[in-house]
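Below is coords_4.cif, holding mmCIF, C-alpha atoms.
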```cif
data_entry
loop_
_atom_site.label_atom_id
_atom_site.label_comp_id
_atom_site.auth_asym_id
_atom_site.auth_seq_id
_atom_site.Cartn_x
_atom_site.Cartn_y
_atom_site.Cartn_z
CA MET B 1 6.79 29.71 9.60
CA THR B 2 8.55 28.52 12.74
CA LEU B 3 9.70 30.94 15.40
CA LYS B 4 13.06 30.45 17.05
CA PRO B 5 12.84 29.43 20.73
CA ARG B 6 14.40 32.78 21.79
CA THR B 7 11.84 34.71 19.78
CA THR B 8 9.02 32.66 21.24
CA LYS B 9 10.33 33.31 24.75
CA ALA B 10 10.58 37.03 24.08
CA LEU B 11 7.05 37.04 22.69
CA TRP B 12 5.67 35.31 25.78
CA ALA B 13 7.64 37.62 28.04
CA GLY B 14 6.23 40.63 26.21
CA LEU B 15 2.70 39.31 26.46
CA GLY B 16 3.24 38.56 30.15
CA ILE B 17 4.45 42.11 30.82
CA MET B 18 1.47 43.51 28.94
CA ALA B 19 -0.89 41.30 30.96
CA VAL B 20 0.68 42.46 34.22
CA VAL B 21 0.43 46.09 33.16
CA PHE B 22 -3.21 45.59 32.14
CA VAL B 23 -4.11 43.87 35.41
CA TYR B 24 -2.34 46.65 37.33
CA HIS B 25 -4.28 49.21 35.29
CA LEU B 26 -7.57 47.42 36.04
CA ALA B 27 -6.72 47.29 39.73
CA THR B 28 -5.84 50.96 40.02
CA SER B 29 -7.85 52.89 37.43
CA SER B 30 -11.56 53.56 37.16
CA VAL B 31 -11.40 53.83 33.39
CA VAL B 32 -10.11 51.14 31.01
CA PHE B 33 -9.63 53.61 28.19
CA ARG B 34 -10.98 56.88 26.87
CA VAL B 35 -10.64 58.42 23.42
CA PRO B 36 -9.43 61.94 24.20
CA LEU B 37 -9.62 63.51 20.76
CA ILE B 38 -13.31 62.83 20.11
CA GLN B 39 -15.15 65.12 22.47
CA ASP B 40 -18.74 65.98 23.10
CA ASP B 41 -19.61 69.28 21.41
CA HIS B 42 -21.39 70.69 24.44
CA SER B 43 -19.39 69.57 27.44
CA GLY B 44 -15.94 69.05 25.95
CA GLU B 45 -15.77 65.69 27.72
CA PRO B 46 -14.47 62.64 25.82
CA ARG B 47 -17.30 60.91 23.99
CA PHE B 48 -15.98 57.37 24.22
CA VAL B 49 -15.05 56.13 27.68
CA LEU B 50 -14.93 52.50 28.82
CA LEU B 51 -15.33 52.38 32.59
CA ASN B 52 -13.52 49.68 34.50
CA PRO B 53 -16.10 47.11 35.68
CA PHE B 54 -13.89 46.30 38.69
CA ARG B 55 -13.51 49.91 39.87
CA ASN B 56 -14.17 51.05 43.42
CA ARG B 57 -17.76 52.30 43.37
CA GLY B 58 -17.50 54.25 46.61
CA PRO B 59 -17.35 57.70 44.98
CA GLU B 60 -20.24 56.85 42.67
CA LYS B 61 -22.42 55.64 45.51
CA ALA B 62 -21.94 58.92 47.34
CA ALA B 63 -22.76 60.88 44.19
CA ASP B 64 -25.80 58.71 43.43
CA GLN B 65 -27.11 59.23 46.93
CA ALA B 66 -26.76 63.00 46.57
CA LEU B 67 -28.42 63.06 43.15
CA LEU B 68 -31.26 60.88 44.38
CA SER B 69 -31.78 63.27 47.26
CA ILE B 70 -31.87 66.22 44.83
CA LYS B 71 -34.30 64.33 42.63
CA ASN B 72 -36.51 63.87 45.68
CA GLY B 73 -36.60 67.61 46.28
CA HIS B 74 -33.93 67.93 48.97
CA CYS B 75 -31.36 69.94 47.04
CA LYS B 76 -30.75 72.54 49.74
CA GLU B 77 -30.00 69.91 52.38
CA THR B 78 -27.87 67.91 49.95
CA VAL B 79 -25.54 70.73 48.90
CA GLU B 80 -25.32 72.20 52.39
CA SER B 81 -22.42 69.88 53.18
CA ALA B 82 -20.68 70.38 49.82
CA LEU B 83 -17.45 71.89 51.12
CA ASP B 84 -16.21 73.45 47.88
CA MET B 85 -19.44 75.33 47.13
CA ASP B 86 -20.06 78.74 48.63
CA PRO B 87 -23.61 79.69 49.68
CA GLU B 88 -24.23 81.62 46.47
CA ARG B 89 -23.19 78.63 44.38
CA ARG B 90 -25.39 76.29 46.39
CA THR B 91 -28.41 78.53 45.84
CA HIS B 92 -27.60 78.79 42.15
CA ILE B 93 -27.28 75.04 41.64
CA CYS B 94 -30.53 74.31 43.47
CA GLY B 95 -32.22 76.96 41.31
CA MET B 96 -30.85 75.25 38.21
CA PHE B 97 -32.17 71.86 39.33
CA LYS B 98 -35.50 73.47 40.10
CA ASP B 99 -35.63 74.85 36.54
CA LEU B 100 -34.31 71.75 34.83
CA GLY B 101 -35.61 68.94 37.00
CA LEU B 102 -33.60 65.77 37.51
CA ALA B 103 -35.13 62.52 36.38
CA ASP B 104 -32.18 60.29 35.57
CA TRP B 105 -28.42 60.40 35.20
CA GLU B 106 -25.83 58.18 33.61
CA LEU B 107 -22.12 58.10 34.42
CA ARG B 108 -20.03 58.82 31.31
CA ASN B 109 -16.58 59.62 32.64
CA ARG B 110 -14.62 59.49 35.86
CA LYS B 111 -11.30 60.99 36.87
CA ASP B 112 -9.64 59.99 40.13
CA SER B 113 -6.78 61.72 41.85
CA GLY B 114 -5.75 60.85 45.37
CA ASN B 115 -8.77 61.10 47.62
CA GLU B 116 -10.87 62.88 45.05
CA SER B 117 -13.05 61.76 42.22
CA GLU B 118 -14.63 63.76 39.44
CA LEU B 119 -17.77 62.22 37.96
CA TYR B 120 -19.32 63.34 34.72
CA TYR B 121 -22.91 62.38 33.88
CA TRP B 122 -25.44 62.69 31.18
CA HIS B 123 -28.41 64.32 32.81
CA ASP B 124 -31.78 63.34 31.32
CA GLY B 125 -30.02 62.34 28.10
CA TYR B 126 -27.97 65.52 27.86
CA PRO B 127 -24.27 65.96 28.68
CA SER B 128 -24.39 68.44 31.48
CA LEU B 129 -23.74 67.26 35.03
CA TRP B 130 -20.58 67.06 37.11
CA VAL B 131 -20.27 65.80 40.68
CA TYR B 132 -17.03 65.94 42.67
CA VAL B 133 -16.53 63.74 45.73
CA ARG B 134 -13.75 63.54 48.29
CA LYS B 135 -12.87 60.90 50.86
CA THR B 136 -12.80 62.50 54.28
CA ALA B 137 -12.31 60.43 57.44
CA GLY B 138 -12.99 57.26 55.48
CA THR B 139 -16.25 58.49 53.97
CA TRP B 140 -16.90 59.71 50.43
CA LYS B 141 -18.65 63.09 50.45
CA VAL B 142 -19.93 65.29 47.65
CA THR B 143 -17.95 68.53 47.52
CA TRP B 144 -19.04 70.29 44.34
CA ILE B 145 -21.86 69.96 41.80
CA ASN B 146 -22.33 71.68 38.47
CA VAL B 147 -25.22 71.39 36.08
CA ILE B 148 -26.12 73.20 32.89
CA GLY B 149 -29.21 73.07 30.75
CA MET Z 1 -14.18 107.00 14.22
CA ARG Z 2 -15.12 105.99 17.72
CA GLN Z 3 -14.96 102.30 18.05
CA ALA Z 4 -14.26 99.47 20.41
CA GLN Z 5 -13.11 101.47 23.38
CA ALA Z 6 -11.74 99.96 26.54
CA ASN Z 7 -13.92 99.77 29.59
CA PRO Z 8 -11.97 101.67 32.25
CA GLN Z 9 -13.94 99.98 35.01
CA ALA Z 10 -13.08 96.52 33.87
CA PRO Z 11 -9.55 96.69 32.51
CA ASP Z 12 -9.08 92.96 32.88
CA ILE Z 13 -11.77 92.27 30.34
CA ARG Z 14 -10.36 92.13 26.88
CA VAL Z 15 -11.65 94.73 24.51
CA SER Z 16 -11.37 95.92 20.99
CA ASP Z 17 -9.15 94.92 18.17
CA PRO Z 18 -9.30 97.82 15.76
CA GLN Z 19 -6.79 96.08 13.51
CA GLN Z 20 -9.08 93.13 12.96
CA SER Z 21 -12.05 95.41 12.50
CA GLN Z 22 -10.20 97.27 9.79
CA LYS Z 23 -9.07 94.06 8.12
CA THR Z 24 -12.51 92.50 8.02
CA PRO Z 25 -13.92 93.21 4.56
CA GLY Z 26 -17.46 93.36 3.29
CA ALA Z 27 -19.85 95.64 5.14
CA ARG Z 28 -23.12 93.98 4.32
CA GLY Z 29 -25.20 95.40 7.05
CA ALA Z 30 -26.26 92.15 8.68
CA GLY Z 31 -26.89 92.89 12.31
CA GLY Z 32 -26.30 96.55 11.77
CA PRO Z 33 -28.60 99.22 13.16
CA GLN Z 34 -32.07 98.29 12.02
CA ASN Z 35 -34.54 100.12 14.15
CA ALA Z 36 -32.39 103.04 15.04
CA PRO Z 37 -33.48 106.24 13.34
CA GLN Z 38 -30.94 108.98 12.77
CA SER Z 39 -30.74 110.61 16.13
CA ALA Z 40 -29.11 113.57 17.75
CA SER Z 41 -28.22 111.43 20.76
CA PRO Z 42 -25.11 109.29 20.72
CA ARG Z 43 -25.70 105.57 20.49
CA LEU Z 44 -23.77 102.77 22.08
CA TYR Z 45 -23.44 99.32 20.53
CA ALA Z 46 -22.12 96.59 22.82
CA ILE Z 47 -20.89 93.39 21.20
CA VAL Z 48 -19.92 90.65 23.61
CA TYR Z 49 -18.43 87.25 22.91
CA THR Z 50 -17.37 84.41 25.17
CA ARG Z 51 -13.88 83.06 25.44
CA GLY Z 52 -12.44 80.16 27.40
CA ASN Z 53 -14.61 77.61 25.57
CA LYS Z 54 -11.73 75.22 26.01
CA GLY Z 55 -13.57 71.93 25.90
CA GLU Z 56 -16.36 72.72 23.52
CA GLY Z 57 -14.35 75.05 21.27
CA GLY Z 58 -15.58 78.11 19.40
CA ASP Z 59 -13.49 80.96 20.81
CA GLN Z 60 -12.13 82.04 17.46
CA ASP Z 61 -15.49 81.74 15.68
CA PHE Z 62 -17.30 83.79 18.31
CA ARG Z 63 -14.58 86.42 18.20
CA ASN Z 64 -14.62 86.58 14.40
CA ALA Z 65 -18.41 86.84 14.26
CA ALA Z 66 -18.42 89.52 16.95
CA PHE Z 67 -15.90 91.62 15.04
CA THR Z 68 -17.82 91.13 11.81
CA ARG Z 69 -20.86 92.49 13.62
CA ALA Z 70 -18.86 95.44 14.93
CA TYR Z 71 -17.50 96.15 11.46
CA ASP Z 72 -20.94 95.96 9.88
CA ILE Z 73 -22.40 98.36 12.42
CA MET Z 74 -19.59 100.84 11.93
CA HIS Z 75 -20.02 100.71 8.16
CA SER Z 76 -23.80 100.90 8.06
CA LYS Z 77 -25.40 104.08 6.79
CA ASP Z 78 -27.11 104.75 10.11
CA PHE Z 79 -23.87 104.78 12.03
CA ASP Z 80 -22.54 108.23 12.77
CA PRO Z 81 -18.84 107.85 13.52
CA LYS Z 82 -18.74 111.27 15.15
CA LYS Z 83 -21.05 110.29 17.98
CA ASP Z 84 -21.89 106.58 17.86
CA THR Z 85 -19.66 103.98 19.51
CA VAL Z 86 -19.14 100.26 19.21
CA LEU Z 87 -17.61 98.41 22.15
CA VAL Z 88 -16.44 94.82 21.79
CA TYR Z 89 -15.90 92.72 24.89
CA ALA Z 90 -14.63 89.22 25.55
CA VAL Z 91 -16.09 87.63 28.66
CA GLN Z 92 -15.49 84.32 30.34
CA THR Z 93 -17.57 84.26 33.50
CA LYS Z 94 -21.09 85.29 34.38
CA ASP Z 95 -19.65 88.06 36.54
CA ASP Z 96 -17.69 89.35 33.54
CA PHE Z 97 -20.89 89.55 31.52
CA ARG Z 98 -22.92 91.14 34.28
CA GLY Z 99 -20.15 93.67 34.86
CA VAL Z 100 -20.04 94.56 31.20
CA VAL Z 101 -23.76 94.97 30.55
CA GLU Z 102 -24.63 96.70 33.81
CA GLY Z 103 -21.51 98.85 33.54
CA LEU Z 104 -22.68 100.24 30.20
CA SER Z 105 -24.94 102.66 32.08
CA ASN Z 106 -21.79 104.41 33.31
CA TYR Z 107 -21.20 105.60 29.76
CA GLU Z 108 -24.57 107.20 29.20
CA LYS Z 109 -23.38 110.81 29.39
CA GLN Z 110 -20.35 110.16 27.28
CA LEU Z 111 -21.52 107.51 24.80
CA GLY Z 112 -25.31 107.34 25.06
CA LYS Z 113 -27.75 104.58 25.90
CA VAL Z 114 -27.37 101.03 24.66
CA GLU Z 115 -28.77 100.77 21.16
CA GLN Z 116 -27.76 97.16 20.61
CA LEU Z 117 -26.51 94.37 22.82
CA ALA Z 118 -25.30 91.24 21.04
CA LEU Z 119 -23.86 88.16 22.70
CA PHE Z 120 -22.00 85.50 20.70
CA SER Z 121 -21.65 82.25 22.66
CA HIS Z 122 -22.72 78.67 23.04
CA GLY Z 123 -26.31 78.25 24.18
CA GLY Z 124 -27.84 75.55 26.36
CA ARG Z 125 -31.02 73.70 25.49
CA LYS Z 126 -32.96 75.50 28.24
CA ASP Z 127 -30.88 78.09 30.03
CA GLY Z 128 -29.34 80.20 27.31
CA PRO Z 129 -25.79 81.56 27.06
CA ILE Z 130 -22.95 79.45 28.40
CA PHE Z 131 -20.18 81.10 30.38
CA HIS Z 132 -17.53 79.42 32.53
CA ILE Z 133 -16.64 78.96 36.16
CA GLN Z 134 -13.52 77.52 37.75
CA ASP Z 135 -14.08 74.25 39.56
CA PRO Z 136 -12.24 73.55 42.84
CA LYS Z 137 -9.29 72.17 40.85
CA GLY Z 138 -9.02 75.31 38.74
CA GLU Z 139 -10.48 73.73 35.60
CA TRP Z 140 -12.98 75.83 33.68
CA ARG Z 141 -16.47 74.35 33.60
CA GLN Z 142 -19.63 75.57 31.94
CA ASP Z 143 -21.88 77.92 33.83
CA GLN Z 144 -25.17 79.65 33.10
CA PHE Z 145 -27.58 82.16 34.52
CA ARG Z 146 -30.79 80.68 35.82
CA GLN Z 147 -33.76 81.48 33.67
CA ASP Z 148 -34.86 84.36 35.87
CA GLU Z 149 -31.46 85.97 36.43
CA LEU Z 150 -30.93 87.75 33.12
CA GLY Z 151 -34.32 89.36 33.50
CA GLN Z 152 -33.14 91.08 36.67
CA PHE Z 153 -30.16 92.78 35.04
CA LYS Z 154 -30.24 96.57 34.85
CA ILE Z 155 -29.30 97.34 31.28
CA ASN Z 156 -29.47 100.92 30.08
CA PHE Z 157 -31.32 100.24 26.83
CA SER Z 158 -32.52 103.05 24.58
CA PRO Z 159 -36.22 103.06 23.59
CA THR Z 160 -35.28 101.66 20.14
CA ALA Z 161 -32.77 99.10 21.41
CA THR Z 162 -32.34 95.54 20.18
CA ALA Z 163 -30.76 92.52 21.83
CA ASP Z 164 -29.29 89.58 19.91
CA PHE Z 165 -28.68 86.18 21.44
CA MET Z 166 -26.29 84.81 18.86
CA MET Z 167 -26.29 81.21 20.04
CA CYS Z 168 -28.20 77.94 19.77
CA HIS Z 169 -31.69 77.27 21.13
CA THR Z 170 -32.76 80.72 22.40
CA ALA Z 171 -35.53 80.95 19.81
CA GLN Z 172 -36.97 77.57 20.79
CA ASN Z 173 -36.71 77.49 24.53
CA GLY Z 174 -38.42 80.79 25.26
CA TYR Z 175 -35.22 82.52 26.29
CA ALA Z 176 -35.28 85.28 23.68
CA GLN Z 177 -38.97 85.94 24.25
CA ALA Z 178 -38.50 86.08 28.01
CA PHE Z 179 -35.61 88.52 27.63
CA ALA Z 180 -37.72 90.70 25.32
CA ASP Z 181 -40.52 90.71 27.86
CA ALA Z 182 -38.29 91.39 30.85
CA HIS Z 183 -36.37 94.27 29.27
CA GLY Z 184 -38.95 95.58 26.84
CA VAL Z 185 -36.62 95.28 23.88
CA HIS Z 186 -36.84 93.70 20.46
CA THR Z 187 -34.80 90.49 20.88
CA ARG Z 188 -33.52 88.01 18.33
CA GLY Z 189 -32.46 84.39 18.72
CA PHE Z 190 -31.74 81.18 16.82
CA GLY Z 191 -32.78 77.56 16.85
CA ASP Z 192 -29.45 76.02 15.85
CA THR Z 193 -26.51 77.92 14.47
CA VAL Z 194 -23.74 77.69 11.90
CA PHE Z 195 -20.89 79.97 10.94
CA SER Z 196 -20.74 81.31 7.43
CA SER Z 197 -18.63 83.56 5.29
CA ASP Z 198 -21.75 85.10 3.82
CA PRO Z 199 -24.73 86.58 5.66
CA ALA Z 200 -27.23 85.23 3.16
CA ASN Z 201 -26.48 81.99 1.39
CA LYS Z 202 -23.37 80.09 2.28
CA VAL Z 203 -22.59 77.97 5.26
CA HIS Z 204 -18.86 77.56 4.83
CA GLY Z 205 -15.85 79.29 3.36
CA TYR Z 206 -14.76 81.52 6.21
CA GLU Z 207 -11.82 79.25 6.96
CA SER Z 208 -9.76 81.08 4.36
CA GLY Z 209 -10.26 84.39 6.12
CA GLY Z 210 -12.64 87.25 5.61
CA PRO Z 211 -15.81 87.99 7.51
CA GLU Z 212 -17.49 85.33 9.57
CA TYR Z 213 -21.18 85.43 10.46
CA MET Z 214 -23.28 83.39 12.81
CA LEU Z 215 -26.53 82.27 11.20
CA GLY Z 216 -29.42 79.94 11.85
CA SER Z 217 -28.43 76.54 10.48
CA GLY Z 218 -31.41 75.97 8.20
CA GLY Z 219 -31.19 72.25 8.87
CA ASN Z 220 -28.79 69.46 9.71
CA TRP Z 221 -25.52 68.76 7.87
CA PHE Z 222 -27.25 66.70 5.13
CA GLN Z 223 -29.94 69.30 4.57
CA ARG Z 224 -27.40 72.13 4.41
CA HIS Z 225 -24.64 70.56 2.38
CA ILE Z 226 -26.48 68.06 0.20
CA LEU Z 227 -29.98 69.48 -0.19
CA GLY Z 228 -28.70 73.05 -0.17
CA ALA Z 229 -30.99 74.39 2.55
CA PRO Z 230 -30.03 78.03 3.03
CA PRO Z 231 -29.14 79.36 6.46
CA LYS Z 232 -31.74 81.35 8.35
CA GLN Z 233 -31.56 84.75 9.92
CA ALA Z 234 -32.30 85.11 13.60
CA GLN Z 235 -35.96 85.00 14.66
CA ASP Z 236 -37.58 88.12 16.08
CA PHE Z 237 -39.25 88.39 19.45
CA TYR Z 238 -41.10 91.46 20.66
CA PRO Z 239 -42.06 92.35 24.23
CA LYS Z 240 -45.44 91.02 25.24
CA GLY Z 241 -45.33 91.93 28.87
CA GLY Z 242 -44.86 89.40 31.61
CA GLY Z 243 -41.43 87.84 31.22
CA TRP Z 244 -39.40 86.08 33.82
#
```

Give the structure from this file in structure tokens form.
Amino acid sequence: MTLKPRTTKALWAGLGIMAVVFVYHLATSSVVFRVPLIQDDHSGEPRFVLLNPFRNRGPEKAADQALLSIKNGHCKETVESALDMDPERRTHICGMFKDLGLADWELRNRKDSGNESELYYWHDGYPSLWVYVRKTAGTWKVTWINVIG
Amino acid sequence: MRQAQANPQAPDIRVSDPQQSQKTPGARGAGGPQNAPQSASPRLYAIVYTRGNKGEGGDQDFRNAAFTRAYDIMHSKDFDPKKDTVLVYAVQTKDDFRGVVEGLSNYEKQLGKVEQLALFSHGGRKDGPIFHIQDPKGEWRQDQFRQDELGQFKINFSPTATADFMMCHTAQNGYAQAFADAHGVHTRGFGDTVFSSDPANKVHGYESGGPEYMLGSGGNWFQRHILGAPPKQAQDFYPKGGGW
């Protein structure tokens, strides 16, 4: 089968537009795609998420640093600067980490909006850890942590 | 018949649905008064279920199972409708739950001590019942009591009271035992759970209506549906002293 020149042009134009959209998506989004309807039974988060390998890792570095500090036994100091947690919540979360421990974590989903980023992790192989970070004065800072066990 | 009354101190917490209680057929006694002897004192049965399980689902199942429990209690032979009372509560946050269970002591003169406390909810692998908290963006996220917190609650249990943790994992992770120890009450819990239309031998069928029970799973999907493993009743835990 031979395509007419106009059809071929339209096809290439369509592919070009799709490529531009995809490149724009890669440049601006931290996630390539997620399957929203298949969710984890426990957390309600999407089970299949493909993170963008070219994403800005700034938020994740801040979260990693905080989690590493908690792992090393400095939970109180780490959550002290978490602006969206009240003192009661900070105490609660450190108590939870004390009960549960924190050995390793794996990023499974990320949602960005403006200067904020919501990071969802599997915690020691279990879907149960959220870290929120916000860019303030050019620096990413952890603002809220939640963990269940 | 006294049933499912509103809590005047927590009017924002959803209570009672006498219509559903009346519609739910089949009083089979599962979860009904077991240890409670006929007594001159009024007895209070508090059935609590979680709502707002938006991500993980289960609101309707927990509600159905809670009302089945309420119905079964009210139709058991030990239940005296002239003096015994069943209250059904929906809770979303930890504060809701604490308010409900600690607030039950306010009813002692009027309704008696707590004869049974049952909570229908999701359960974590280590830290028991799962409630919800709003994150800074207003989204509801999962939230739990730390392992020692539930033990500090002041719950006005009767000497023959029972507590049921109708959720996953509380039989395996020491939660039910620790609660029994901390409060000195006979406590029951599950490993894993399923919902069933029958309290003894089926693991499905409630979708078409009728009563819905929460049972121990008896195995994974293959074991239940192919090999026919029957569901299990909750495991019993008695106070040993110690606790949280």

For this session: Enumerate as a PyMOL selection string the residues belonging to chain B that approach chain Z to within 6 Å, with only C-alpha atoms taken into account.
Result: chain B and resi 41-44+96+149

Problem set entry | Protein, DNA and RNA residues within 10 Å of (-21.2, 66.6, 35.9), all atoms listed in the file, as a ChimeraX atom specification | /B:43,45,105-110,118-123,127-132,144-148 /Z:141-142

For this session: Starting from the displayed file, determine the output of the PyMOL selection byres ((chain Z and resi 195) around 12) and express the residue list as an MDAnalysis selection string.
Result: chainID Z and resid 58 60:66 68 120:121 166:168 192:194 196:207 211:218 231:233

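Of note, CA of Lys9 in chain B and CA of Phe22 in chain B are spaced 19.7 Å apart.
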
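Nearest-residue note for Val49 in chain B: choosing from B:Thr143, B:Lys111, B:Trp12, B:Lys76, the minimum distance belongs to B:Lys111, counting all atoms listed in the file.
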
Box dimensions and centre (Å, one decimal) enclosing range 65-71 of chain Z, axis-aligned, 3 Å extra per side, as JSON:
```
{"center_x": -18.4, "center_y": 91.5, "center_z": 14.2, "size_x": 11.0, "size_y": 15.3, "size_z": 11.5}
```

Problem set entry | Separation of CA of Gln65 in chain B from CA of Glu139 in chain Z in Å | 24.8 Å

Seminar exercise, completed: As a check of understanding: the span from CA of Ala62 in chain B to CA of Phe131 in chain Z is 28.0 Å

Exercise. Can you list, as a list in words, every protein, DNA or RNA residue that comes within 8 Å of Cys94 in chain B when you count only C-alpha atoms, leaving out same-chain residues fewer than 4 positions away?
Worked result: Cys75, Lys76, Arg90 and Lys98 of chain B

Exercise. If you apply the PyMOL selection byres ((chain Z and resi 153) around 10) to this file, what residues do you get, as a PyMOL selection string?
Worked result: chain Z and resi 98+101-102+148-152+154-156+182-183
